[in-house]
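*Asks:* Here it is, the structure, as structure tokens.
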Amino acid sequence: MDFTIGRYLVIAPNGSQVGMIDGDEYIRDGLNLIYRIDGDEVYTAGSNAQLSGYLTDRTAHDLSGNILFTIEDE
């Protein structure tokens, strides 16, 4: 799915908003970049980015299969 068009809310498994996607591939919490989405892969943000998990439709799972977050329309 292409998240580079539009704005999306990023929701934790407990239902709280943890960040936002604003027309690009980054999930941010205010000014801080948290994750980067590359296709179906989710990475930490920054110069030492690490694979954090995989995105299936709008739900990201970590490498152990636990839900990291869900992406919803704003």
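Labeling convention for the structure tokens: chains A, B, ... as they appear, residues from 1 per chain, ligands from 1 in order of appearance.
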If we count only C-alpha atoms and set the cut-off at 8 Å, which residues sit around Asp40 (chain A), ignoring sequence neighbours fewer than 2 positions away in its own chain? Please answer as a ChimeraX atom specification.
*Replies:* /A:37-38,42,54-56
*Asks:* Excluding same-chain residues fewer than 5 positions from Gln50 (chain A), what lies within 10 Å of it counting only C-alpha atoms, as a PyMOL selection string?
*Replies:* chain A and resi 35-36+42-45
*Asks:* Write the residues you've just listed into a file as a compact mmCIF listing (two decimals), in the first residue's frame, and include N, CA and C atoms for each of them.
*Replies:*
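Result file part-v4.txt:
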# COMPACT_ATOMS: atom_id res chain seq x y z
N TYR A 35 9.68 5.12 12.71
CA TYR A 35 9.84 4.01 11.78
C TYR A 35 9.86 4.54 10.35
N ARG A 36 10.41 3.69 9.45
CA ARG A 36 10.36 3.94 8.01
C ARG A 36 9.76 2.70 7.36
N VAL A 42 9.28 -2.87 7.73
CA VAL A 42 9.26 -1.75 8.67
C VAL A 42 10.63 -1.68 9.34
N TYR A 43 11.26 -0.51 9.26
CA TYR A 43 12.58 -0.29 9.83
C TYR A 43 12.52 0.79 10.90
N THR A 44 13.45 0.74 11.85
CA THR A 44 13.63 1.87 12.74
C THR A 44 14.12 3.03 11.88
N ALA A 45 13.95 4.24 12.34
CA ALA A 45 14.40 5.42 11.58
C ALA A 45 15.83 5.75 11.98
*Asks:* How far is it from CA of Leu9 (chain A) to CA of Glu74 (chain A), in Å with one decimal?
*Replies:* 5.5 Å
*Asks:* Using CA of Gly15 (chain A) and CA of Asp29 (chain A) as the two end points, give the distance in Å to one decimal.
*Replies:*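 Between these atoms lies a distance of 15.3 Å.
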*Asks:* How far is it from CA of Leu68 (chain A) to CA of Ala49 (chain A), in Å with one decimal?
*Replies:*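 Between CA of Leu68 (chain A) and CA of Ala49 (chain A) the gap works out to 16.3 Å.
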*Asks:* Measuring atom to atom with only C-alpha atoms, identify which of A:Thr4, A:Met20, A:Ile27, A:Gly53 is nearest to Ile67 (chain A).
*Replies:*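 Closest candidate: A:Gly53.
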*Asks:* Residues at most 7 Å from Thr70 (chain A), counting only C-alpha atoms, excluding those fewer than 4 positions away in the same chain, as a list of chain:residue names?
*Replies:*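 The contact residues come out as A:Val10, A:Ile11, A:Ala12, A:Arg58, A:Thr59, A:Ala60.
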*Asks:* Store the residues picked out above in a file with C-alpha atoms, as a tab-separated table (two decimals), in the first residue's frame.
*Replies:*
chain	number	residue	atom	x	y	z
A	10	VAL	CA	-0.54	4.99	13.59
A	11	ILE	CA	-2.25	3.13	16.42
A	12	ALA	CA	-0.62	0.89	19.06
A	58	ARG	CA	-2.28	-1.98	7.44
A	59	THR	CA	-0.94	-3.99	10.38
A	60	ALA	CA	2.76	-4.21	11.25
